Amino acid sequence: MKKFPGILAALGLVTCSALAEVEGDADRGAAAAGVCTACHQADGSGKNVPGGESWPRLAGLDAAYIAKQLHDYQSGERSNASMMPFANMLDEQQIADVAAYYASLPATQGDGGEDAGEAMLKRGKQLAERGDWSAYIVSCKSCHGPGNRGAGEVFPGIAGQHAGYIKAQLQAWKAGTRKNDPQDLMGSIARRMSDDDIQAVAAWLAGQKAVAN
Ligand code: HEC
Ligand code: HEC
């Protein structure tokens, strides 16, 4: 953690805060988020959809991270057929408002790792907390923060996110269909992960707490 400011400055990531120029209002965001509940649910918990497209939990994610993703869908930098029309409905103020709103909701627990066996969970925990130097995989928590609960506005919390969604994102980075991460930070990791590794880390992370205590 202590090393983060230096790393962020070195990567030029601190400039991301320029996106937060418009101030969000959570109450206005609640109204604008009416159309989002069909998928992300009224409490922002999203839904793990086994065998289908999972809807990510938004509750408790960092507001600037949420706003960045909505801008990325609008610009086409991040592409998803279900999500793009809804991102395109929002103006700058509404993006700031819904981001403030979802960030203000208490994080809910992830689903989807329940059927994983002991060996799989052990491998998932190893990748998340220690990485695997034989495969040049850095631990997830070295960027995603203590407990993988997120660090600042650049590194989203991934503990307690739905397994189906985590898996889909890692597969997308591996395949090159998600590439909106700064400096290919995620792509370079996902490409080193086997499908079993992806399954394992998604299952383990889904079962972890999204917030401390
Ligand atoms: C039809 C279902 C649907 C609706 C309605 C919907 N979303 Fe989404 N949303 C998704 C899916 C599916 C994803 C994951 C897409 C992907 O893989 O990139 C997503 C992803 C997101 C993300 C990225 C989350 C992350 O952790 O990176 C944000 C932010 C988001 N949606 C906000 C919204 C907002 C705000 C609205 C309402 C204005 C909305 N969504 C409406 C299905 C939906
Ligand atoms: C070198 C830093 C770094 C490491 C290590 C790292 N990540 Fe990430 N990760 C990021 C960044 C930056 C983002 C946000 C990308 C963006 O802005 O869209 C991200 C985003 C994600 C997301 C998308 C979350 C969401 O809500 O959409 C998932 C899932 C993810 N990482 C999983 C992992 C896993 C699993 C590991 C360990 C195997 C890992 N990451 C290791 C930097 C890292």
# chains A, B, ... in the order shown; residues from 1 in each chain; ligands from 1
$ residues_near_ligand --ligand "ligand 2" --cutoff "7 Å" --atoms "only C-alpha atoms and all ligand atoms" --output "PyMOL selection string"
chain A and resi 56+65+68-69+127-128+131+137-144+154-158+166-167+169-170+180-182+185-186+189+201-202
$ residues_near_ligand --ligand "ligand 1" --cutoff "6 Å" --atoms "only C-alpha atoms and all ligand atoms" --output "PyMOL selection string"
chain A and resi 33+35-36+38-39+53-56+66+69-70+80+82-83+86-87+98
$ write_last_selection --atoms "C-alpha atoms" --output "PDB file, in the first residue's frame"
ATOM      1  CA  ALA A  33     -30.536   4.787 -11.752  1.00  0.00           C
ATOM      2  CA  VAL A  35     -33.488   2.092 -15.445  1.00  0.00           C
ATOM      3  CA  CYS A  36     -30.392   0.303 -14.154  1.00  0.00           C
ATOM      4  CA  ALA A  38     -33.475  -4.281 -14.181  1.00  0.00           C
ATOM      5  CA  CYS A  39     -29.983  -5.759 -14.199  1.00  0.00           C
ATOM      6  CA  GLU A  53     -24.040 -12.917 -18.675  1.00  0.00           C
ATOM      7  CA  SER A  54     -23.606 -11.894 -15.052  1.00  0.00           C
ATOM      8  CA  TRP A  55     -24.448  -8.373 -13.908  1.00  0.00           C
ATOM      9  CA  PRO A  56     -21.728  -6.841 -11.741  1.00  0.00           C
ATOM     10  CA  ILE A  66     -17.697   3.740 -11.930  1.00  0.00           C
ATOM     11  CA  GLN A  69     -16.290   2.729 -16.889  1.00  0.00           C
ATOM     12  CA  LEU A  70     -19.379   4.638 -18.026  1.00  0.00           C
ATOM     13  CA  ASN A  80     -20.604  -4.600 -24.259  1.00  0.00           C
ATOM     14  CA  SER A  82     -26.090  -5.093 -22.933  1.00  0.00           C
ATOM     15  CA  MET A  83     -24.481  -2.144 -21.228  1.00  0.00           C
ATOM     16  CA  PHE A  86     -27.647   2.415 -20.967  1.00  0.00           C
ATOM     17  CA  ALA A  87     -24.311   4.211 -20.711  1.00  0.00           C
ATOM     18  CA  VAL A  98     -25.194   7.548 -10.600  1.00  0.00           C
TER      19      VAL A  98
END
$ select_by_dssp --residues "stretch 79-158 of chain A" --states "helix (DSSP H, G or I)" --output "ChimeraX atom specification"
/A:84-88,92-104,118-129,133-135,141-144,146-148
$ closest_residue --among "A:Gly112, A:Asn88, A:Met120, A:Pro50" --to "A:Ser75" --atoms "only C-alpha atoms"
A:Asn88
$ closest_residue --among "A:Lys122, A:Lys209, A:Lys179, A:Arg191" --to "A:Gly147" --atoms "only C-alpha atoms"
A:Lys209
$ residues_around --residues "A:Ala200" --least-positions-apart "3" --cutoff "7 Å" --atoms "only C-alpha atoms" --output "list in words"
Met120, Leu121, Arg123, Gly124, Asp196, Asp197, Ala203 and Trp204 of chain A
$ write_last_selection --atoms "C-alpha atoms" --output "PDB file, in the first residue's frame"
ATOM      1  CA  MET A 120      -9.566 -24.895  -6.666  1.00  0.00           C
ATOM      2  CA  LEU A 121     -10.162 -22.481  -3.800  1.00  0.00           C
ATOM      3  CA  ARG A 123      -5.242 -22.106  -6.024  1.00  0.00           C
ATOM      4  CA  GLY A 124      -7.543 -19.072  -6.194  1.00  0.00           C
ATOM      5  CA  ASP A 196      -8.499 -23.098 -14.640  1.00  0.00           C
ATOM      6  CA  ASP A 197      -6.637 -20.249 -12.926  1.00  0.00           C
ATOM      7  CA  ALA A 203     -14.533 -18.555  -7.274  1.00  0.00           C
ATOM      8  CA  TRP A 204     -12.287 -17.611  -4.365  1.00  0.00           C
TER       9      TRP A 204
END
$ select_by_dssp --residues "stretch 3-204 of chain A" --states "strand (DSSP E or B)" --output "VMD selection string"
chain A and resid 47 55 132 137 151 155
$ write_last_selection --atoms "C-alpha atoms" --output "short mmCIF file (atom, residue, chain, number, x, y, z; two decimals), in the first residue's frame"
data_model
loop_
_atom_site.label_atom_id
_atom_site.label_comp_id
_atom_site.auth_asym_id
_atom_site.auth_seq_id
_atom_site.Cartn_x
_atom_site.Cartn_y
_atom_site.Cartn_z
CA LYS A 47 -26.59 -10.90 -10.11
CA TRP A 55 -24.45 -8.37 -13.91
CA ASP A 132 2.55 -17.34 -8.91
CA ILE A 137 1.55 -13.73 -12.22
CA ALA A 151 -7.32 0.87 -3.77
CA PHE A 155 -7.98 -0.29 -8.75
#
